[in-house]
Amino acid sequence: MKRLCFIIGVVGSLSTATLSLLAEPALFDPPQYPKRLKRADSFLGVHFDFHAGPECNEIGKNTTRAMVEAIIDQVKPDYLQTDCKGHPGLSSYPTKVGNPAPGFVGDPLKIWRQVTAERGVALYMHYSGVWDGVAVKEHPDWARVNSEGRVDDHLTSTFGPYVDKLLIPQFKELSDVYGVDGVWVDGECWAVARDYCDAAIKVFLDQTGAHEIPRKSADPRWFEWNQFHREAFRRYVRHYVDEMHRHNPDFQLASNWAFSDHMPEPVGIDVDYLSGDYSPTDSVNSARFSARCLASQSRPWDLMAWSFGKSGDANPQKTVPQLQREASVVLAQGGGFQAYFTQKRDGSIRDWQMNLMAETAKFCRERQAICHHAVSVPQVALLYSTEAHYRECQELFQPSGAGVVALKGVLHALLDSQYSVDIRSEHHLRGRMQDYPMIVVPEWSNLDAAFKNELRDYVKDGGKLMLIGPEAAGLFETELSIDSTVDSAAEARVWLEHIGAFVPIKTLVRKVSLRPSALAFGQLRAKDDFTSSATPAASIADLGKGKIAAVWFNFGTAYMQGQTATAREFLAALTHELIPQPMVEVTGSHRVEVALARNHGKLLVNLVNTSGPHADKNVLTLDEVTPLGPLEIIVRVETKPRDIHVEPGNRKIKWTFANGECRFALAGLDIHDVVVVE
């Protein structure tokens with residue numbers, strides 16, 4: 001009767017509509033029900049949604065106890081997430097405080113909750129937040145207004161009453177009547193947009209003293225206007241999170257993509273977990289980027305794979321090896337994993353798909369004990385600058401813009417060269433730069449003055465700093481010992497020369513000459529021959545006890561436009577000049593991703609096979625991942641380990657130790673192995 005007693009205690013805070021619901025029998029947890037894991041302790045889940053529309057008039061017709069039991073029996077998840085309100089705004093359960101879909105056969109949500117509670121599986125709701133088509137149609141005053149003064153037909157305003165009139169009442173209904181464990185709020189930071197409603201304009205003008213509202217990026221106060229809306233979104237999420245925690249402290253909430261690669265900033269809201277659904281295409285690269293952004297935020301987190309590819313109207317189901325590899329990228333960063341399967345228009349599932357998820361789940365469970373909640377071992381920190389990104393991004397919260405493209409290019413090149421890379425923002429690095437042997441600043445043109453000074457001091461104290469691109473390098477001209485600039489930075493087509501090979505580059509280039517104290521590295525030539533004019537492709541200078549390097553062209557942008565072995569080897573060789581003895585070296589294939597972590601007092605060397613055309617937009621499914629190997633591995637540690645073996649399976653290997661180096665070989669890498677050094 002615990003939940004029923006709680007409901008009685010909070011009746012005073014509920015709406016009249018919700019009070020009428022409480023007259024019906026409420027779901028609660030009898031003492032004999034198994035205890036469910038909190039999201040912070042959960043590792044594996046399955047997500048279902050179908051965004052109910054006006055044609056959905058038989059929801060629940062095929063939602064049975066047997067259907068939900070079969071999911072749990074096959075997959076054995078820690079939690080399930082199922083649809084309750086999608087972007088159209090119609091609820092897929094018979095809500096009495098929201099906008100229900102046209103027709104129901106029974107109450108499907110009661111079935112989901114009853115079975116999951118009996119089986120000790122947590123239940124979360126997929127709920128579309130800022131995006132709600134029905135709400136703005138029925139209440140135009142709840143809608144966001146665009147820059148031309150038109151009422152938005154699907155986005156609500158974070159300055160309006162929607163959050164108090166609909167979202168919070170529905171959350172309370174889900175908590176008190178259905179006893180669900182929490183919500184995964186979709187359509188949030190990635191959907192929110194600048195709002196020209198009267199309320200927003202008035203607050204902005206009052207706060208700033210401005211006389212006009214900016215409507216395009218060239219207008220005065222544009223950045224300030226964007227920041228104003230970012231803070232409005234934070235305030236909106238903070239309001240519903242805090243209200244629900246006061247109402248039911250056990251109700252667990254996440255706003256999809258909050259404090260992730262979409263919002264690279266400190267976690268400033270008491271969300272219970274972080275989560276996001278990475279791209280259904282180019283999924284390996286999408287996951288390796290997003291996972292590294294979430295792993296740094298010191299909150300429980302998971303990532304959701306789309307279980308199917310997407311190309312126009314084609315949504316072919318991914319294969320088990322595909323899903324297993326996508327999961328590996330997430331597990332290697334210490335996160336939890338879930339996969340998304342669509343529901344039919346009546347809310348039931350496609351039973352055959354659970355066989356695929358069951359095989360993927362087994363693969364994940366074999367790695368859970370060693371990988372879950374592992375913490376990265378600092379090696380290379382790649383800066384995702386909050387300051388620079390928020391200034392250049394044209395949307396409020398999107399991982400888009402030239403800076404993010406460049407960051408991804410540098411990330412891919414370093415990972416393709418077997419360096420273990422963390423993505424970190426200013427708030428992660430301030431006061432902790434010395435943890436990292438090397439920090440990379442990829443093509444950001446704006447850095448906070450205090451942060452820039454701290455980077456300078458980091459190098460003077462022995463750190464290694466690599467600046468990618470003319471704009472980032474231009475922030476440290478004095479330290480780089482530039483003698484003169486041959487030309488100002490400009491878009492140009494040049495040839496990168498590295499160890500006797502040439503590759504064409506067309507991007508932003510700065511031609512410089514160096515003082516004798518700086519070392520040139522590589523060449524940028526006018527033509528692909530050794531007699532053509534040349535300027536340094538990169539340079540390295542001593543600064544105090546450390547070294548500072550610059551790449552004088554936009555490497556990351558160019559690498560994203562066309563990956564080449566010569567460009568990859570150039571950046572790898574420059575990195576080697578700065579950190580000649582990384583903690584781990586792997587040779588044998590450039591398609592091995594390395595991620596160093598610690599868990600349970602053990603050093604983990606995650607090896608992920610990234611071979612194959614997974615980034616090809618025309619290849620929607622892959623039915624095999626070609627094994628890689630043999631691989632030669634060096635692990636540098638201060639003392640001789642007690643044991644080195646490979647998980648899963650506690651596989652023994654032959655290894656030697658001398659002069660601080662463990663050396664061994666792996667005959668092959670299928671998808672994901674973890675070398676455990678004890």
# chains A, B, ... in the order shown; residues from 1 in each chain; ligands from 1
$ select_by_dssp --residues "range 327-530 of chain A" --states "strand (DSSP E or B)" --output "JSON, numbers by chain"
{"A": [336, 337, 338, 339, 340, 341, 342, 375, 376, 380, 381, 382, 383, 421, 422, 423, 424, 438, 439, 440, 441, 442, 464, 465, 466, 467, 468, 482, 483, 484, 485, 490, 491, 492, 493, 494, 495, 496, 497, 498, 501, 502, 503, 504, 505, 506, 507, 508, 509, 512, 513, 514, 518, 519, 520, 521, 522, 523, 524, 525]}
$ residues_around --residues "Asn256 in chain A" --least-positions-apart "4" --cutoff "12 Å" --atoms "only C-alpha atoms" --output "VMD selection string"
chain A and resid 126 to 130 183 to 192 237 260 to 263 271 to 278 294 301 to 304 397
$ write_last_selection --atoms "N, CA and C atoms" --output "mmCIF file, in the first residue's frame"
data_model
loop_
_atom_site.group_PDB
_atom_site.id
_atom_site.type_symbol
_atom_site.label_atom_id
_atom_site.label_comp_id
_atom_site.auth_asym_id
_atom_site.auth_seq_id
_atom_site.Cartn_x
_atom_site.Cartn_y
_atom_site.Cartn_z
ATOM 1 N N HIS A 126 7.828 7.124 -23.156
ATOM 2 C CA HIS A 126 8.242 8.042 -24.220
ATOM 3 C C HIS A 126 7.193 9.138 -24.310
ATOM 4 N N TYR A 127 7.604 10.369 -24.039
ATOM 5 C CA TYR A 127 6.659 11.490 -23.965
ATOM 6 C C TYR A 127 7.246 12.669 -24.726
ATOM 7 N N SER A 128 6.535 13.175 -25.705
ATOM 8 C CA SER A 128 7.016 14.323 -26.470
ATOM 9 C C SER A 128 6.735 15.599 -25.703
ATOM 10 N N GLY A 129 7.791 16.356 -25.413
ATOM 11 C CA GLY A 129 7.673 17.525 -24.560
ATOM 12 C C GLY A 129 7.381 18.810 -25.300
ATOM 13 N N VAL A 130 8.415 19.553 -25.707
ATOM 14 C CA VAL A 130 8.217 20.827 -26.399
ATOM 15 C C VAL A 130 7.377 20.633 -27.664
ATOM 16 N N VAL A 183 9.982 9.089 -16.997
ATOM 17 C CA VAL A 183 9.739 9.486 -18.386
ATOM 18 C C VAL A 183 11.058 9.766 -19.095
ATOM 19 N N TRP A 184 11.047 9.505 -20.371
ATOM 20 C CA TRP A 184 12.119 9.856 -21.301
ATOM 21 C C TRP A 184 11.482 10.893 -22.219
ATOM 22 N N VAL A 185 11.783 12.160 -21.975
ATOM 23 C CA VAL A 185 11.057 13.242 -22.634
ATOM 24 C C VAL A 185 11.720 13.551 -23.972
ATOM 25 N N ASP A 186 11.004 13.331 -25.046
ATOM 26 C CA ASP A 186 11.495 13.511 -26.405
ATOM 27 C C ASP A 186 11.097 14.901 -26.909
ATOM 28 N N GLY A 187 11.588 15.258 -28.098
ATOM 29 C CA GLY A 187 11.187 16.523 -28.710
ATOM 30 C C GLY A 187 11.540 17.715 -27.852
ATOM 31 N N GLU A 188 12.727 17.716 -27.259
ATOM 32 C CA GLU A 188 13.091 18.737 -26.291
ATOM 33 C C GLU A 188 14.178 19.677 -26.838
ATOM 34 N N CYS A 189 15.416 19.571 -26.363
ATOM 35 C CA CYS A 189 16.403 20.577 -26.744
ATOM 36 C C CYS A 189 16.634 20.608 -28.250
ATOM 37 N N TRP A 190 16.524 19.459 -28.910
ATOM 38 C CA TRP A 190 16.756 19.444 -30.349
ATOM 39 C C TRP A 190 15.593 20.053 -31.132
ATOM 40 N N ALA A 191 14.448 20.233 -30.472
ATOM 41 C CA ALA A 191 13.278 20.799 -31.141
ATOM 42 C C ALA A 191 13.053 22.268 -30.795
ATOM 43 N N VAL A 192 13.431 22.696 -29.592
ATOM 44 C CA VAL A 192 13.130 24.051 -29.147
ATOM 45 C C VAL A 192 13.767 25.075 -30.087
ATOM 46 N N VAL A 237 12.776 23.028 -18.280
ATOM 47 C CA VAL A 237 13.076 21.658 -17.849
ATOM 48 C C VAL A 237 13.258 21.607 -16.339
ATOM 49 N N SER A 260 24.373 16.882 -23.496
ATOM 50 C CA SER A 260 25.045 15.902 -24.350
ATOM 51 C C SER A 260 25.804 16.655 -25.427
ATOM 52 N N ASP A 261 26.052 16.017 -26.567
ATOM 53 C CA ASP A 261 26.655 16.722 -27.692
ATOM 54 C C ASP A 261 25.756 17.849 -28.200
ATOM 55 N N HIS A 262 24.434 17.770 -27.912
ATOM 56 C CA HIS A 262 23.521 18.860 -28.259
ATOM 57 C C HIS A 262 23.653 20.040 -27.302
ATOM 58 N N MET A 263 23.980 19.768 -26.055
ATOM 59 C CA MET A 263 24.094 20.783 -25.004
ATOM 60 C C MET A 263 25.408 20.576 -24.264
ATOM 61 N N VAL A 271 18.215 16.297 -13.398
ATOM 62 C CA VAL A 271 17.708 15.137 -14.125
ATOM 63 C C VAL A 271 18.315 13.873 -13.526
ATOM 64 N N ASP A 272 17.578 12.777 -13.605
ATOM 65 C CA ASP A 272 18.033 11.538 -12.982
ATOM 66 C C ASP A 272 19.013 10.760 -13.845
ATOM 67 N N TYR A 273 18.963 10.986 -15.140
ATOM 68 C CA TYR A 273 19.877 10.301 -16.046
ATOM 69 C C TYR A 273 19.941 11.087 -17.341
ATOM 70 N N LEU A 274 20.954 10.807 -18.148
ATOM 71 C CA LEU A 274 21.133 11.435 -19.448
ATOM 72 C C LEU A 274 20.944 10.376 -20.524
ATOM 73 N N SER A 275 20.409 10.797 -21.661
ATOM 74 C CA SER A 275 20.130 9.825 -22.712
ATOM 75 C C SER A 275 19.955 10.538 -24.047
ATOM 76 N N GLY A 276 20.074 9.776 -25.110
ATOM 77 C CA GLY A 276 19.845 10.296 -26.455
ATOM 78 C C GLY A 276 19.738 9.153 -27.436
ATOM 79 N N ASP A 277 19.118 9.420 -28.578
ATOM 80 C CA ASP A 277 18.984 8.414 -29.635
ATOM 81 C C ASP A 277 19.836 8.856 -30.818
ATOM 82 N N TYR A 278 20.970 8.183 -31.008
ATOM 83 C CA TYR A 278 21.893 8.607 -32.054
ATOM 84 C C TYR A 278 21.377 8.221 -33.436
ATOM 85 N N LEU A 294 28.635 12.267 -23.544
ATOM 86 C CA LEU A 294 27.856 11.913 -22.359
ATOM 87 C C LEU A 294 28.734 11.345 -21.248
ATOM 88 N N TRP A 301 24.107 7.418 -17.638
ATOM 89 C CA TRP A 301 23.729 7.727 -19.013
ATOM 90 C C TRP A 301 23.591 6.452 -19.835
ATOM 91 N N ASP A 302 22.834 6.582 -20.893
ATOM 92 C CA ASP A 302 22.717 5.510 -21.873
ATOM 93 C C ASP A 302 22.512 6.128 -23.236
ATOM 94 N N LEU A 303 22.714 5.335 -24.257
ATOM 95 C CA LEU A 303 22.425 5.754 -25.623
ATOM 96 C C LEU A 303 21.505 4.745 -26.284
ATOM 97 N N MET A 304 20.644 5.266 -27.141
ATOM 98 C CA MET A 304 19.649 4.458 -27.833
ATOM 99 C C MET A 304 20.005 4.321 -29.307
ATOM 100 N N PHE A 397 20.186 24.355 -29.751
ATOM 101 C CA PHE A 397 20.865 23.174 -29.217
ATOM 102 C C PHE A 397 20.939 22.110 -30.311
#
$ closest_residue --among "A:Val512, A:Ala388, A:Ile653, A:Ile423" --to "Ala295 in chain A" --atoms "only C-alpha atoms"
A:Ile423
$ closest_atom_pairs --of "range 489-516 of chain A" --to "range 528-547 of chain A" --cutoff "8 Å" --atoms "only C-alpha atoms" --output "tab-separated table"
residue	atom	partner	partner_atom	distance
A:Trp495	CA	A:Asp528	CA	5.9
A:Leu496	CA	A:Ala537	CA	7.0
A:Glu497	CA	A:Asp528	CA	7.9
A:Phe502	CA	A:Asp528	CA	6.0
A:Val503	CA	A:Asp528	CA	7.8
A:Lys511	CA	A:Thr535	CA	5.8
A:Val512	CA	A:Thr535	CA	6.3
A:Ser513	CA	A:Thr535	CA	6.9
$ residues_around --residues "range 429-438 of chain A" --least-positions-apart "2" --cutoff "12 Å" --atoms "only C-alpha atoms" --output "VMD selection string"
chain A and resid 266 296 to 297 376 to 386 419 to 427 440 to 441 448 450 to 467 546 to 549 574 to 583
$ write_last_selection --atoms "C-alpha atoms" --output "PDB file, in the first residue's frame"
ATOM      1  CA  PRO A 266      27.571  21.540 -17.134  1.00  0.00           C
ATOM      2  CA  SER A 296      32.177  13.126 -19.343  1.00  0.00           C
ATOM      3  CA  GLN A 297      29.131  14.472 -17.510  1.00  0.00           C
ATOM      4  CA  SER A 376      37.984   6.751 -19.002  1.00  0.00           C
ATOM      5  CA  VAL A 377      41.740   6.888 -18.438  1.00  0.00           C
ATOM      6  CA  PRO A 378      42.906  10.355 -19.582  1.00  0.00           C
ATOM      7  CA  GLN A 379      45.053  10.266 -22.708  1.00  0.00           C
ATOM      8  CA  VAL A 380      43.985  12.753 -25.396  1.00  0.00           C
ATOM      9  CA  ALA A 381      41.379  15.414 -24.578  1.00  0.00           C
ATOM     10  CA  LEU A 382      39.585  16.842 -27.616  1.00  0.00           C
ATOM     11  CA  LEU A 383      37.984  20.203 -26.803  1.00  0.00           C
ATOM     12  CA  TYR A 384      34.276  20.667 -27.505  1.00  0.00           C
ATOM     13  CA  SER A 385      34.169  24.360 -26.682  1.00  0.00           C
ATOM     14  CA  THR A 386      30.856  25.439 -25.174  1.00  0.00           C
ATOM     15  CA  TYR A 419      44.572   6.917 -29.864  1.00  0.00           C
ATOM     16  CA  SER A 420      42.223   6.819 -26.886  1.00  0.00           C
ATOM     17  CA  VAL A 421      40.304  10.100 -27.063  1.00  0.00           C
ATOM     18  CA  ASP A 422      37.946  11.824 -24.630  1.00  0.00           C
ATOM     19  CA  ILE A 423      35.730  14.727 -25.664  1.00  0.00           C
ATOM     20  CA  ARG A 424      35.837  17.419 -23.025  1.00  0.00           C
ATOM     21  CA  SER A 425      34.433  20.955 -22.676  1.00  0.00           C
ATOM     22  CA  GLU A 426      35.813  23.867 -20.702  1.00  0.00           C
ATOM     23  CA  HIS A 427      33.991  22.892 -17.520  1.00  0.00           C
ATOM     24  CA  VAL A 440      43.649  19.175 -28.822  1.00  0.00           C
ATOM     25  CA  VAL A 441      41.786  22.360 -29.803  1.00  0.00           C
ATOM     26  CA  ASP A 448      37.396  32.446 -23.146  1.00  0.00           C
ATOM     27  CA  ALA A 450      40.814  32.801 -18.732  1.00  0.00           C
ATOM     28  CA  PHE A 451      40.573  29.354 -20.318  1.00  0.00           C
ATOM     29  CA  LYS A 452      43.150  30.321 -22.929  1.00  0.00           C
ATOM     30  CA  ASN A 453      45.514  31.449 -20.181  1.00  0.00           C
ATOM     31  CA  GLU A 454      45.013  28.159 -18.363  1.00  0.00           C
ATOM     32  CA  LEU A 455      45.902  26.258 -21.546  1.00  0.00           C
ATOM     33  CA  ARG A 456      49.079  28.325 -21.802  1.00  0.00           C
ATOM     34  CA  ASP A 457      50.003  27.522 -18.201  1.00  0.00           C
ATOM     35  CA  TYR A 458      49.218  23.846 -18.803  1.00  0.00           C
ATOM     36  CA  VAL A 459      51.858  23.766 -21.542  1.00  0.00           C
ATOM     37  CA  LYS A 460      54.398  25.664 -19.480  1.00  0.00           C
ATOM     38  CA  ASP A 461      53.979  23.075 -16.730  1.00  0.00           C
ATOM     39  CA  GLY A 462      54.756  20.228 -19.134  1.00  0.00           C
ATOM     40  CA  GLY A 463      51.554  19.651 -21.078  1.00  0.00           C
ATOM     41  CA  LYS A 464      51.242  19.108 -24.819  1.00  0.00           C
ATOM     42  CA  LEU A 465      48.806  21.288 -26.765  1.00  0.00           C
ATOM     43  CA  MET A 466      47.795  20.771 -30.402  1.00  0.00           C
ATOM     44  CA  LEU A 467      45.900  23.540 -32.211  1.00  0.00           C
ATOM     45  CA  GLY A 546      55.877  21.480 -22.592  1.00  0.00           C
ATOM     46  CA  LYS A 547      55.257  21.688 -26.306  1.00  0.00           C
ATOM     47  CA  ILE A 548      52.694  23.515 -28.418  1.00  0.00           C
ATOM     48  CA  ALA A 549      51.890  22.486 -31.979  1.00  0.00           C
ATOM     49  CA  LEU A 574      52.317  14.879 -35.338  1.00  0.00           C
ATOM     50  CA  THR A 575      50.585  13.408 -32.277  1.00  0.00           C
ATOM     51  CA  HIS A 576      53.475  10.970 -31.866  1.00  0.00           C
ATOM     52  CA  GLU A 577      55.898  13.925 -31.765  1.00  0.00           C
ATOM     53  CA  LEU A 578      54.007  15.274 -28.748  1.00  0.00           C
ATOM     54  CA  ILE A 579      53.304  11.983 -26.936  1.00  0.00           C
ATOM     55  CA  PRO A 580      55.839   9.458 -28.283  1.00  0.00           C
ATOM     56  CA  GLN A 581      54.907   6.801 -25.712  1.00  0.00           C
ATOM     57  CA  PRO A 582      51.146   6.665 -25.212  1.00  0.00           C
ATOM     58  CA  MET A 583      49.824   4.313 -22.554  1.00  0.00           C
TER      59      MET A 583
END
$ residues_around --residues "Pro100 in chain A" --least-positions-apart "6" --cutoff "8 Å" --atoms "only C-alpha atoms" --output "VMD selection string"
chain A and resid 90 to 94
$ atom_distance --atom1 "CA of Ile168 in chain A" --atom2 "CA of Asp132 in chain A"
13.9 Å
